[in-house]
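Structure file work38.pdb (PDB, C-alpha atoms) is printed below.
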```
ATOM      1  CA  MET K   1      16.190  -4.570  -2.147
ATOM      2  CA  LYS K   2      18.905  -3.790  -4.651
ATOM      3  CA  GLN K   3      19.135  -7.362  -5.859
ATOM      4  CA  VAL K   4      17.703  -7.597  -9.354
ATOM      5  CA  ILE K   5      15.096 -10.312  -9.770
ATOM      6  CA  ARG K   6      14.799 -11.522 -13.318
ATOM      7  CA  ALA K   7      11.621 -12.884 -14.824
ATOM      8  CA  VAL K   8      11.276 -16.647 -14.347
ATOM      9  CA  GLY K   9      12.530 -18.646 -17.264
ATOM     10  CA  ALA K  10      14.154 -15.706 -19.045
ATOM     11  CA  GLY K  11      17.715 -16.300 -20.139
ATOM     12  CA  MET K  12      20.486 -14.377 -21.761
ATOM     13  CA  LEU K  13      20.081 -15.184 -25.478
ATOM     14  CA  ALA K  14      22.819 -14.580 -28.045
ATOM     15  CA  LEU K  15      21.881 -12.501 -31.091
ATOM     16  CA  GLY K  16      22.885 -13.383 -34.624
ATOM     17  CA  ILE K  17      22.707 -16.722 -36.403
ATOM     18  CA  LEU K  18      26.382 -16.850 -37.395
ATOM     19  CA  GLY K  19      27.682 -15.474 -34.106
ATOM     20  CA  THR K  20      28.880 -12.197 -35.633
ATOM     21  CA  ALA K  21      25.635 -10.403 -36.517
ATOM     22  CA  ASN K  22      24.762  -7.546 -34.155
ATOM     23  CA  ILE K  23      27.794  -8.229 -31.978
ATOM     24  CA  ALA K  24      29.929  -5.220 -31.102
ATOM     25  CA  ARG K  25      33.530  -5.746 -32.243
ATOM     26  CA  ALA K  26      36.554  -4.003 -30.753
ATOM     27  CA  ASP K  27      36.370  -1.383 -33.519
ATOM     28  CA  GLU K  28      32.576  -0.996 -33.315
ATOM     29  CA  LYS K  29      31.183   1.121 -30.490
ATOM     30  CA  VAL K  30      27.905   0.588 -28.725
ATOM     31  CA  ILE K  31      26.264   4.014 -28.823
ATOM     32  CA  LEU K  32      23.581   3.978 -26.165
ATOM     33  CA  GLY K  33      21.027   6.769 -25.915
ATOM     34  CA  VAL K  34      19.327   7.460 -22.584
ATOM     35  CA  ALA K  35      16.037   9.401 -22.738
ATOM     36  CA  ILE K  36      14.625  10.513 -19.370
ATOM     37  CA  PRO K  37      12.414  13.267 -17.929
ATOM     38  CA  THR K  38      14.002  16.439 -16.564
ATOM     39  CA  ALA K  39      14.483  16.727 -12.806
ATOM     40  CA  ASP K  40      11.053  18.269 -12.197
ATOM     41  CA  HIS K  41      10.634  16.643  -8.761
ATOM     42  CA  GLY K  42      12.677  14.643  -6.291
ATOM     43  CA  PHE K  43      12.296  11.239  -7.896
ATOM     44  CA  THR K  44      13.186  12.403 -11.409
ATOM     45  CA  GLY K  45      16.070  14.327  -9.852
ATOM     46  CA  GLY K  46      17.292  10.950  -8.633
ATOM     47  CA  ILE K  47      16.721   9.467 -12.096
ATOM     48  CA  VAL K  48      18.873  12.174 -13.736
ATOM     49  CA  TRP K  49      21.612  11.782 -11.118
ATOM     50  CA  TRP K  50      21.769   7.975 -11.442
ATOM     51  CA  ALA K  51      21.673   8.145 -15.268
ATOM     52  CA  ASN K  52      24.655  10.478 -15.380
ATOM     53  CA  LYS K  53      26.504   8.345 -12.840
ATOM     54  CA  ALA K  54      25.907   5.316 -15.099
ATOM     55  CA  LYS K  55      27.350   7.256 -18.044
ATOM     56  CA  THR K  56      30.490   8.161 -16.059
ATOM     57  CA  ASP K  57      31.018   4.707 -14.581
ATOM     58  CA  LEU K  58      30.287   2.688 -17.719
ATOM     59  CA  GLU K  59      32.243   4.810 -20.212
ATOM     60  CA  LYS K  60      35.221   4.563 -17.873
ATOM     61  CA  ALA K  61      34.867   0.773 -17.661
ATOM     62  CA  HIS K  62      34.144   0.178 -21.369
ATOM     63  CA  PRO K  63      36.156   2.076 -24.028
ATOM     64  CA  ASP K  64      33.826   0.672 -26.739
ATOM     65  CA  LEU K  65      30.769   2.313 -25.152
ATOM     66  CA  LYS K  66      29.394   5.819 -25.593
ATOM     67  CA  VAL K  67      26.386   6.907 -23.493
ATOM     68  CA  ILE K  68      24.332   9.973 -24.489
ATOM     69  CA  VAL K  69      21.895  11.256 -21.841
ATOM     70  CA  LYS K  70      18.961  13.452 -22.922
ATOM     71  CA  THR K  71      16.400  14.997 -20.558
ATOM     72  CA  ALA K  72      12.966  16.235 -21.671
ATOM     73  CA  ALA K  73      10.372  18.474 -20.004
ATOM     74  CA  GLY K  74       7.461  16.846 -21.833
ATOM     75  CA  ALA K  75       6.373  14.048 -24.155
ATOM     76  CA  PRO K  76       6.728  16.028 -27.443
ATOM     77  CA  GLU K  77      10.276  17.077 -26.549
ATOM     78  CA  GLN K  78      11.202  13.494 -25.677
ATOM     79  CA  ALA K  79       9.778  12.253 -28.999
ATOM     80  CA  ASN K  80      11.912  14.809 -30.861
ATOM     81  CA  GLN K  81      14.971  13.751 -28.889
ATOM     82  CA  LEU K  82      14.440  10.151 -29.964
ATOM     83  CA  GLN K  83      14.580  11.249 -33.599
ATOM     84  CA  ASP K  84      17.816  13.129 -32.973
ATOM     85  CA  LEU K  85      19.384  10.216 -31.113
ATOM     86  CA  VAL K  86      18.781   7.985 -34.147
ATOM     87  CA  THR K  87      19.564  10.392 -36.992
ATOM     88  CA  VAL K  88      22.242  12.633 -35.436
ATOM     89  CA  ASN K  89      23.869  10.486 -32.747
ATOM     90  CA  LYS K  90      23.440   7.178 -34.643
ATOM     91  CA  ILE K  91      22.542   5.198 -31.526
ATOM     92  CA  ASN K  92      22.284   1.422 -31.726
ATOM     93  CA  ALA K  93      20.774   0.975 -28.243
ATOM     94  CA  LEU K  94      18.232   2.991 -26.260
ATOM     95  CA  VAL K  95      17.229   3.091 -22.602
ATOM     96  CA  ILE K  96      14.100   5.202 -22.184
ATOM     97  CA  PHE K  97      12.126   6.290 -19.141
ATOM     98  CA  PRO K  98       9.045   7.481 -21.076
ATOM     99  CA  PHE K  99       7.595  10.806 -20.036
ATOM    100  CA  GLU K 100       4.163   9.298 -20.734
ATOM    101  CA  SER K 101       3.119   5.842 -21.876
ATOM    102  CA  ALA K 102       0.620   6.289 -24.712
ATOM    103  CA  SER K 103       2.174   9.263 -26.492
ATOM    104  CA  LEU K 104       5.698   7.766 -26.499
ATOM    105  CA  THR K 105       4.754   4.280 -27.685
ATOM    106  CA  GLN K 106       4.752   5.069 -31.413
ATOM    107  CA  PRO K 107       7.967   7.169 -31.350
ATOM    108  CA  VAL K 108       9.759   4.344 -29.505
ATOM    109  CA  ALA K 109       8.361   1.787 -31.963
ATOM    110  CA  GLN K 110       9.845   3.838 -34.821
ATOM    111  CA  VAL K 111      13.253   3.743 -33.119
ATOM    112  CA  LYS K 112      13.043  -0.033 -32.748
ATOM    113  CA  LYS K 113      12.144  -0.386 -36.433
ATOM    114  CA  LYS K 114      15.472   1.290 -37.249
ATOM    115  CA  GLY K 115      17.254  -1.682 -35.663
ATOM    116  CA  VAL K 116      17.933  -0.009 -32.312
ATOM    117  CA  TYR K 117      17.797  -2.259 -29.234
ATOM    118  CA  VAL K 118      15.221  -0.753 -26.831
ATOM    119  CA  THR K 119      15.013  -1.085 -23.049
ATOM    120  CA  VAL K 120      12.009   0.658 -21.476
ATOM    121  CA  VAL K 121      12.242   1.655 -17.819
ATOM    122  CA  ASP K 122       9.453   2.094 -15.264
ATOM    123  CA  ARG K 123       6.693   3.835 -17.253
ATOM    124  CA  GLY K 124       5.783   1.043 -19.650
ATOM    125  CA  LEU K 125       4.564   1.504 -23.222
ATOM    126  CA  THR K 126       1.006   0.691 -24.261
ATOM    127  CA  ASP K 127       2.352  -1.774 -26.852
ATOM    128  CA  THR K 128       5.140  -3.991 -25.555
ATOM    129  CA  SER K 129       6.147  -5.024 -29.092
ATOM    130  CA  ALA K 130       7.807  -1.590 -29.312
ATOM    131  CA  GLN K 131      10.469  -2.714 -26.811
ATOM    132  CA  ASP K 132      13.041  -5.464 -26.393
ATOM    133  CA  ALA K 133      13.234  -5.374 -22.593
ATOM    134  CA  TYR K 134      11.477  -3.796 -19.603
ATOM    135  CA  VAL K 135      13.107  -2.874 -16.274
ATOM    136  CA  ALA K 136      11.022  -1.494 -13.402
ATOM    137  CA  GLY K 137      10.349  -1.390  -9.721
ATOM    138  CA  ASP K 138       7.547  -3.547  -8.374
ATOM    139  CA  ASN K 139       4.522  -1.358  -9.079
ATOM    140  CA  THR K 140       2.074  -3.986  -7.850
ATOM    141  CA  ALA K 141       3.798  -4.067  -4.462
ATOM    142  CA  PHE K 142       3.998  -0.256  -4.515
ATOM    143  CA  GLY K 143       0.186  -0.158  -4.471
ATOM    144  CA  LYS K 144      -0.473  -3.304  -2.440
ATOM    145  CA  ILE K 145       1.848  -2.564   0.495
ATOM    146  CA  PRO K 146       0.316   0.852   1.400
ATOM    147  CA  ALA K 147      -3.225  -0.556   1.131
ATOM    148  CA  GLU K 148      -2.379  -3.450   3.451
ATOM    149  CA  TYR K 149      -0.665  -1.087   5.889
ATOM    150  CA  LEU K 150      -3.557   1.407   5.942
ATOM    151  CA  ALA K 151      -6.158  -1.334   6.309
ATOM    152  CA  LYS K 152      -4.339  -2.665   9.367
ATOM    153  CA  ALA K 153      -3.586   0.773  10.843
ATOM    154  CA  LEU K 154      -7.240   1.848  10.453
ATOM    155  CA  ASP K 155      -8.480  -1.453  11.857
ATOM    156  CA  GLY K 156     -10.457  -2.102   8.683
ATOM    157  CA  LYS K 157     -12.597   1.034   8.725
ATOM    158  CA  GLY K 158     -12.209   4.698   7.793
ATOM    159  CA  ASP K 159     -12.233   7.323   5.068
ATOM    160  CA  ILE K 160      -9.288   7.640   2.662
ATOM    161  CA  VAL K 161      -8.404  10.106  -0.096
ATOM    162  CA  ALA K 162      -5.835   9.238  -2.744
ATOM    163  CA  LEU K 163      -3.523  11.093  -5.107
ATOM    164  CA  ARG K 164      -2.407   9.434  -8.325
ATOM    165  CA  GLY K 165       0.626  10.303 -10.454
ATOM    166  CA  ILE K 166       0.638  10.842 -14.232
ATOM    167  CA  PRO K 167      -1.591   8.679 -16.474
ATOM    168  CA  THR K 168       0.818   5.817 -17.208
ATOM    169  CA  THR K 169       0.813   2.039 -17.171
ATOM    170  CA  LEU K 170       2.715   2.027 -13.887
ATOM    171  CA  ASP K 171       0.200   4.356 -12.215
ATOM    172  CA  ASN K 172      -2.580   2.047 -13.392
ATOM    173  CA  GLU K 173      -0.745  -0.967 -11.935
ATOM    174  CA  ARG K 174      -0.334   0.791  -8.595
ATOM    175  CA  TRP K 175      -3.962   1.926  -8.453
ATOM    176  CA  THR K 176      -5.299  -1.495  -9.415
ATOM    177  CA  ALA K 177      -3.191  -3.133  -6.694
ATOM    178  CA  PHE K 178      -4.186  -0.550  -4.068
ATOM    179  CA  THR K 179      -7.914  -0.759  -4.739
ATOM    180  CA  GLY K 180      -7.717  -4.543  -5.139
ATOM    181  CA  VAL K 181      -6.557  -4.936  -1.539
ATOM    182  CA  LEU K 182      -9.230  -2.580  -0.190
ATOM    183  CA  LYS K 183     -12.044  -4.555  -1.837
ATOM    184  CA  ALA K 184     -11.677  -6.907   1.109
ATOM    185  CA  TYR K 185     -12.399  -4.014   3.496
ATOM    186  CA  PRO K 186     -15.935  -2.736   2.805
ATOM    187  CA  ASN K 187     -15.775  -0.353   5.760
ATOM    188  CA  ILE K 188     -12.862   1.558   4.249
ATOM    189  CA  LYS K 189     -14.165   4.170   1.820
ATOM    190  CA  ILE K 190     -12.039   5.909  -0.837
ATOM    191  CA  LEU K 191     -13.651   9.350  -0.917
ATOM    192  CA  ASP K 192     -11.853  10.473  -4.092
ATOM    193  CA  ALA K 193      -8.718   9.926  -6.171
ATOM    194  CA  LYS K 194      -7.227  12.600  -8.413
ATOM    195  CA  TYR K 195      -4.039  12.909 -10.474
ATOM    196  CA  ALA K 196      -1.433  15.218  -8.936
ATOM    197  CA  ASN K 197       1.379  14.448 -11.388
ATOM    198  CA  TRP K 198       3.948  13.358  -8.774
ATOM    199  CA  ASN K 199       4.335  17.055  -8.042
ATOM    200  CA  ARG K 200       4.387  18.837  -4.657
ATOM    201  CA  ASP K 201       2.511  21.928  -5.805
ATOM    202  CA  ASP K 202      -0.154  19.953  -7.657
ATOM    203  CA  ALA K 203      -0.572  17.674  -4.636
ATOM    204  CA  PHE K 204      -0.940  20.708  -2.374
ATOM    205  CA  LYS K 205      -3.809  21.983  -4.567
ATOM    206  CA  VAL K 206      -5.517  18.589  -4.800
ATOM    207  CA  MET K 207      -5.290  18.154  -1.023
ATOM    208  CA  GLN K 208      -6.684  21.641  -0.458
ATOM    209  CA  ASP K 209      -9.676  20.605  -2.545
ATOM    210  CA  TYR K 210     -10.112  17.408  -0.531
ATOM    211  CA  LEU K 211      -9.894  19.300   2.759
ATOM    212  CA  THR K 212     -12.574  21.731   1.582
ATOM    213  CA  ARG K 213     -14.960  19.017   0.394
ATOM    214  CA  PHE K 214     -14.456  16.345   3.056
ATOM    215  CA  LYS K 215     -14.905  17.306   6.694
ATOM    216  CA  HIS K 216     -13.437  14.049   7.962
ATOM    217  CA  ILE K 217     -10.487  12.109   6.496
ATOM    218  CA  ASP K 218      -8.662   9.338   8.350
ATOM    219  CA  ALA K 219      -5.733   8.753   6.001
ATOM    220  CA  VAL K 220      -4.174   9.842   2.705
ATOM    221  CA  TRP K 221      -2.483   7.640   0.143
ATOM    222  CA  ALA K 222      -0.219  10.198  -1.531
ATOM    223  CA  ALA K 223       1.428   7.493  -3.676
ATOM    224  CA  ASP K 224       4.703   9.446  -3.921
ATOM    225  CA  ASP K 225       6.999  11.115  -1.387
ATOM    226  CA  ASP K 226       7.022  14.436  -3.243
ATOM    227  CA  MET K 227       3.227  14.490  -3.338
ATOM    228  CA  ALA K 228       3.193  13.599   0.366
ATOM    229  CA  VAL K 229       5.167  16.790   1.101
ATOM    230  CA  GLY K 230       2.482  18.879  -0.629
ATOM    231  CA  VAL K 231      -0.270  16.961   1.152
ATOM    232  CA  ILE K 232       1.239  17.543   4.591
ATOM    233  CA  LYS K 233       1.699  21.248   3.862
ATOM    234  CA  ALA K 234      -1.991  21.559   2.978
ATOM    235  CA  ILE K 235      -3.058  19.647   6.094
ATOM    236  CA  GLU K 236      -0.886  21.791   8.359
ATOM    237  CA  GLN K 237      -2.064  24.996   6.715
ATOM    238  CA  ALA K 238      -5.706  23.968   7.224
ATOM    239  CA  LYS K 239      -4.921  22.961  10.826
ATOM    240  CA  ARG K 240      -6.761  19.688  10.390
ATOM    241  CA  THR K 241      -6.258  17.158  13.177
ATOM    242  CA  ASP K 242      -8.473  14.319  11.942
ATOM    243  CA  ILE K 243      -5.889  12.896   9.479
ATOM    244  CA  LYS K 244      -3.703  10.356  11.231
ATOM    245  CA  ILE K 245      -1.622   8.895   8.385
ATOM    246  CA  VAL K 246      -0.089  10.181   5.147
ATOM    247  CA  PHE K 247       1.508   7.353   3.174
ATOM    248  CA  GLY K 248       3.812   8.466   0.363
ATOM    249  CA  GLY K 249       6.071   6.191  -1.627
ATOM    250  CA  ALA K 250       9.534   5.638  -3.130
ATOM    251  CA  GLY K 251      11.706   5.889  -0.016
ATOM    252  CA  SER K 252      13.116   9.399  -0.409
ATOM    253  CA  LYS K 253      15.715  10.307   2.191
ATOM    254  CA  GLY K 254      13.423  12.991   3.651
ATOM    255  CA  MET K 255      10.508  10.627   4.156
ATOM    256  CA  VAL K 256      12.689   7.807   5.467
ATOM    257  CA  LYS K 257      14.153  10.269   7.995
ATOM    258  CA  ASN K 258      10.596  11.186   9.021
ATOM    259  CA  VAL K 259       9.813   7.506   9.583
ATOM    260  CA  MET K 260      13.011   7.105  11.613
ATOM    261  CA  ASP K 261      12.222  10.177  13.713
ATOM    262  CA  GLY K 262       8.610   9.166  14.362
ATOM    263  CA  ALA K 263       6.982  12.119  12.550
ATOM    264  CA  PRO K 264       3.276  12.356  13.525
ATOM    265  CA  MET K 265       1.685  11.443  10.167
ATOM    266  CA  ILE K 266       4.599   9.641   8.459
ATOM    267  CA  LYS K 267       4.663   6.204  10.029
ATOM    268  CA  ALA K 268       5.767   4.109   7.032
ATOM    269  CA  ASP K 269       6.864   4.236   3.396
ATOM    270  CA  VAL K 270       7.485   1.836   0.516
ATOM    271  CA  SER K 271      10.792   1.518  -1.339
ATOM    272  CA  TYR K 272      11.126   2.325  -5.055
ATOM    273  CA  SER K 273      14.617   3.607  -5.764
ATOM    274  CA  PRO K 274      15.457   5.705  -8.861
ATOM    275  CA  LYS K 275      18.675   3.665  -8.989
ATOM    276  CA  PHE K 276      16.877   1.252 -11.332
ATOM    277  CA  ILE K 277      17.761   3.610 -14.215
ATOM    278  CA  TYR K 278      21.443   2.943 -13.418
ATOM    279  CA  ASP K 279      20.753  -0.792 -13.323
ATOM    280  CA  ALA K 280      18.854  -0.643 -16.633
ATOM    281  CA  ILE K 281      21.629   1.288 -18.397
ATOM    282  CA  LYS K 282      24.323  -1.033 -17.029
ATOM    283  CA  LEU K 283      22.439  -4.224 -17.907
ATOM    284  CA  THR K 284      21.656  -2.969 -21.416
ATOM    285  CA  ALA K 285      25.137  -1.655 -22.175
ATOM    286  CA  GLU K 286      26.938  -4.761 -20.980
ATOM    287  CA  ALA K 287      24.543  -7.071 -22.819
ATOM    288  CA  ARG K 288      24.925  -5.149 -26.101
ATOM    289  CA  LEU K 289      28.711  -5.117 -25.798
ATOM    290  CA  LYS K 290      28.481  -8.936 -25.733
ATOM    291  CA  GLY K 291      25.894  -9.060 -28.515
ATOM    292  CA  GLU K 292      23.322 -10.389 -26.067
ATOM    293  CA  LYS K 293      19.861  -9.268 -24.996
ATOM    294  CA  LEU K 294      18.161  -8.942 -21.634
ATOM    295  CA  PRO K 295      15.304 -10.983 -20.213
ATOM    296  CA  ALA K 296      11.961  -9.580 -21.386
ATOM    297  CA  THR K 297      11.206  -8.288 -17.876
ATOM    298  CA  THR K 298      13.400  -7.400 -14.892
ATOM    299  CA  ILE K 299      11.612  -6.371 -11.685
ATOM    300  CA  ILE K 300      13.278  -4.761  -8.665
ATOM    301  CA  PRO K 301      11.246  -5.462  -5.496
ATOM    302  CA  SER K 302       9.508  -2.874  -3.294
ATOM    303  CA  VAL K 303       9.307  -3.412   0.464
ATOM    304  CA  LEU K 304       7.597  -1.772   3.452
ATOM    305  CA  ILE K 305       9.781   0.754   5.289
ATOM    306  CA  THR K 306       9.009   1.181   8.999
ATOM    307  CA  LYS K 307      10.875   2.604  11.979
ATOM    308  CA  GLU K 308      12.340  -0.857  12.583
ATOM    309  CA  ASN K 309      14.122  -1.121   9.209
ATOM    310  CA  ALA K 310      14.274   2.509   8.015
ATOM    311  CA  GLN K 311      18.024   2.834   8.643
ATOM    312  CA  GLN K 312      18.649   0.307   5.832
ATOM    313  CA  PHE K 313      16.935   2.651   3.354
ATOM    314  CA  TYR K 314      18.406   5.979   4.532
ATOM    315  CA  PHE K 315      21.062   7.424   2.191
ATOM    316  CA  PRO K 316      21.656  11.041   3.277
ATOM    317  CA  ASP K 317      24.205  11.735   0.512
ATOM    318  CA  SER K 318      21.874  10.710  -2.315
ATOM    319  CA  PRO K 319      19.959  13.369  -4.313
ATOM    320  CA  PHE K 320      16.638  11.704  -3.461
TER     321      PHE K 320
END
```

The structure in this file should be written as structure tokens.
Amino acid sequence: MKQVIRAVGAGMLALGILGTANIARADEKVILGVAIPTADHGFTGGIVWWANKAKTDLEKAHPDLKVIVKTAAGAPEQANQLQDLVTVNKINALVIFPFESASLTQPVAQVKKKGVYVTVVDRGLTDTSAQDAYVAGDNTAFGKIPAEYLAKALDGKGDIVALRGIPTTLDNERWTAFTGVLKAYPNIKILDAKYANWNRDDAFKVMQDYLTRFKHIDAVWAADDDMAVGVIKAIEQAKRTDIKIVFGGAGSKGMVKNVMDGAPMIKADVSYSPKFIYDAIKLTAEARLKGEKLPATTIIPSVLITKENAQQFYFPDSPF
């Protein structure tokens, strides 16, 4: 799962016609800015932890590298941080996990216009010309795998409710993949799908609404392990017994443990580790130190986690 799969045909291309342009010399540091959301739920907590670990590990390994990590509680704050990273910190490389896609596209494009090398992680921009490289988990598989699992578990018929994340390109990819699979199952009905912002409390409220409006639900696609926690809390509080499966996503240690232990509603999960921020920072830093650039796209695969293989995905010491 941790093996990085690079886009077919992409190669490591040297920058600079004369071999010296844009290449970091021994007396010229690579100053790499990292812009990520604050730890507002489990997954972003993992993102922050892995980003800071990358800073520690890479600065120790490379004296010519400085990594500056900034966390933002919203899109406007992240846009302001990008300005500061360019004007105050004088970065020449950026790894950004955009808080949102649309609202961060123009600010990132402005950074790139200043000559900064830009790697976008996970939540893609609405205009890919604003980036040099993209590193992400497999969002198509993240949506496809749960749909295939639920279709099989429900024997091709039943009522499903869904919770989406934040309006982003990756959420759209996941939703398109999920609904694409279920088109082949006309007897499975998606009763409703609402955004719950990858947040436990928001998911709890959305699920409460679903439980009030729908008297029978067979399964829930929570589309995130944190949201799944809120969903289960709402189900238990309402004492509903009709819901047989809650499928989250991302392979958090809590959910993987539930799968291992045979928890009643948590029978499977799909991997999507926040470690890809570490991989993105490492790949970008080491490429820039060599004056090279990354493949246009690097995808880290997502796989189905069941009781049979859950032990491989259980990391009790990790923050997520």

Applied to this file, what does the PyMOL selection byres ((chain K and resi 304) around 9) return in terms of residues, put as a list in words?
->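 With the shown file as input, the PyMOL selection byres ((chain K and resi 304) around 9) matches Phe142, Ile145, Pro146, Tyr149, Ala268, Asp269, Val270, Ser271, Ser302, Val303, Ile305, Thr306 and Asn309 of chain K.
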
Residues near stretch 273-278 of chain K, cut-off 8 Å, all atoms listed in the file, skip fewer than 5 positions along chain, as JSON, numbers by chain | {"K": [43, 44, 46, 47, 50, 51, 53, 54, 97, 121, 135, 136, 137, 250, 251, 300]}

Closest of K:Ala310, K:Ala61, K:Met207, K:Arg213 to K:Gly254 - atom-to-atom distances counting all atoms listed in the file |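 For K:Gly254, the nearest of the candidates is K:Ala310.
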
Counting only C-alpha atoms, the residue of K:Ala203, K:Leu211, K:Leu154, K:Ile36 that sits nearest K:Asp224 |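 Looking at the shortest contact to K:Asp224, the residue is K:Ala203.
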
Surrounding residues of K:Glu236 excluding itself and chain neighbours under 3 positions, 12 Å, only C-alpha atoms, as a ChimeraX atom specification | /K:204,207-208,211,229-233,239-243,264-265

Give as a CSV table (one decimal) with C-alpha atoms, keeping the file's coordinate frame the residues that the PyMOL selection byres ((chain K and resi 75) around 12) matches when applied to the coordinates above.
```csv
chain,number,residue,atom,x,y,z
K,35,ALA,CA,16.0,9.4,-22.7
K,36,ILE,CA,14.6,10.5,-19.4
K,37,PRO,CA,12.4,13.3,-17.9
K,38,THR,CA,14.0,16.4,-16.6
K,71,THR,CA,16.4,15.0,-20.6
K,72,ALA,CA,13.0,16.2,-21.7
K,73,ALA,CA,10.4,18.5,-20.0
K,74,GLY,CA,7.5,16.8,-21.8
K,76,PRO,CA,6.7,16.0,-27.4
K,77,GLU,CA,10.3,17.1,-26.5
K,78,GLN,CA,11.2,13.5,-25.7
K,79,ALA,CA,9.8,12.3,-29.0
K,80,ASN,CA,11.9,14.8,-30.9
K,81,GLN,CA,15.0,13.8,-28.9
K,82,LEU,CA,14.4,10.2,-30.0
K,96,ILE,CA,14.1,5.2,-22.2
K,97,PHE,CA,12.1,6.3,-19.1
K,98,PRO,CA,9.0,7.5,-21.1
K,99,PHE,CA,7.6,10.8,-20.0
K,100,GLU,CA,4.2,9.3,-20.7
K,101,SER,CA,3.1,5.8,-21.9
K,102,ALA,CA,0.6,6.3,-24.7
K,103,SER,CA,2.2,9.3,-26.5
K,104,LEU,CA,5.7,7.8,-26.5
K,105,THR,CA,4.8,4.3,-27.7
K,106,GLN,CA,4.8,5.1,-31.4
K,107,PRO,CA,8.0,7.2,-31.4
K,108,VAL,CA,9.8,4.3,-29.5
K,166,ILE,CA,0.6,10.8,-14.2
```

Fix up stretch 37-53 of chain K with N, CA and C atoms, then write it as a PDB file, in the coordinates of the input.
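Result file is part08.pdb:
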```
ATOM      1  N   PRO K  37      13.008  11.964 -18.246  1.00  0.00           N
ATOM      2  CA  PRO K  37      12.414  13.267 -17.929  1.00  0.00           C
ATOM      3  C   PRO K  37      13.420  14.182 -17.228  1.00  0.00           C
ATOM      4  N   THR K  38      13.189  15.483 -17.310  1.00  0.00           N
ATOM      5  CA  THR K  38      14.002  16.439 -16.564  1.00  0.00           C
ATOM      6  C   THR K  38      13.746  16.262 -15.068  1.00  0.00           C
ATOM      7  N   ALA K  39      14.611  16.832 -14.265  1.00  0.00           N
ATOM      8  CA  ALA K  39      14.483  16.727 -12.806  1.00  0.00           C
ATOM      9  C   ALA K  39      13.415  17.699 -12.311  1.00  0.00           C
ATOM     10  N   ASP K  40      12.134  17.357 -12.577  1.00  0.00           N
ATOM     11  CA  ASP K  40      11.053  18.269 -12.197  1.00  0.00           C
ATOM     12  C   ASP K  40      10.498  17.980 -10.808  1.00  0.00           C
ATOM     13  N   HIS K  41      10.932  16.885 -10.174  1.00  0.00           N
ATOM     14  CA  HIS K  41      10.634  16.643  -8.761  1.00  0.00           C
ATOM     15  C   HIS K  41      11.702  15.700  -8.221  1.00  0.00           C
ATOM     16  N   GLY K  42      11.599  15.377  -6.941  1.00  0.00           N
ATOM     17  CA  GLY K  42      12.677  14.643  -6.291  1.00  0.00           C
ATOM     18  C   GLY K  42      13.033  13.330  -6.959  1.00  0.00           C
ATOM     19  N   PHE K  43      12.029  12.556  -7.322  1.00  0.00           N
ATOM     20  CA  PHE K  43      12.296  11.239  -7.896  1.00  0.00           C
ATOM     21  C   PHE K  43      13.002  11.358  -9.239  1.00  0.00           C
ATOM     22  N   THR K  44      12.516  12.248 -10.113  1.00  0.00           N
ATOM     23  CA  THR K  44      13.186  12.403 -11.409  1.00  0.00           C
ATOM     24  C   THR K  44      14.564  13.050 -11.238  1.00  0.00           C
ATOM     25  N   GLY K  45      14.730  13.829 -10.174  1.00  0.00           N
ATOM     26  CA  GLY K  45      16.070  14.327  -9.852  1.00  0.00           C
ATOM     27  C   GLY K  45      17.014  13.169  -9.590  1.00  0.00           C
ATOM     28  N   GLY K  46      16.513  12.156  -8.872  1.00  0.00           N
ATOM     29  CA  GLY K  46      17.292  10.950  -8.633  1.00  0.00           C
ATOM     30  C   GLY K  46      17.559  10.187  -9.918  1.00  0.00           C
ATOM     31  N   ILE K  47      16.557  10.137 -10.802  1.00  0.00           N
ATOM     32  CA  ILE K  47      16.721   9.467 -12.096  1.00  0.00           C
ATOM     33  C   ILE K  47      17.850  10.116 -12.898  1.00  0.00           C
ATOM     34  N   VAL K  48      17.840  11.446 -12.982  1.00  0.00           N
ATOM     35  CA  VAL K  48      18.873  12.174 -13.736  1.00  0.00           C
ATOM     36  C   VAL K  48      20.253  11.928 -13.122  1.00  0.00           C
ATOM     37  N   TRP K  49      20.338  11.979 -11.810  1.00  0.00           N
ATOM     38  CA  TRP K  49      21.612  11.782 -11.118  1.00  0.00           C
ATOM     39  C   TRP K  49      22.175  10.384 -11.377  1.00  0.00           C
ATOM     40  N   TRP K  50      21.318   9.351 -11.240  1.00  0.00           N
ATOM     41  CA  TRP K  50      21.769   7.975 -11.442  1.00  0.00           C
ATOM     42  C   TRP K  50      22.110   7.705 -12.905  1.00  0.00           C
ATOM     43  N   ALA K  51      21.380   8.335 -13.839  1.00  0.00           N
ATOM     44  CA  ALA K  51      21.673   8.145 -15.268  1.00  0.00           C
ATOM     45  C   ALA K  51      23.050   8.698 -15.612  1.00  0.00           C
ATOM     46  N   ASN K  52      23.349   9.875 -15.101  1.00  0.00           N
ATOM     47  CA  ASN K  52      24.655  10.478 -15.380  1.00  0.00           C
ATOM     48  C   ASN K  52      25.789   9.735 -14.683  1.00  0.00           C
ATOM     49  N   LYS K  53      25.495   9.172 -13.517  1.00  0.00           N
ATOM     50  CA  LYS K  53      26.504   8.345 -12.840  1.00  0.00           C
ATOM     51  C   LYS K  53      26.780   7.082 -13.655  1.00  0.00           C
TER      52      LYS K  53
END
```
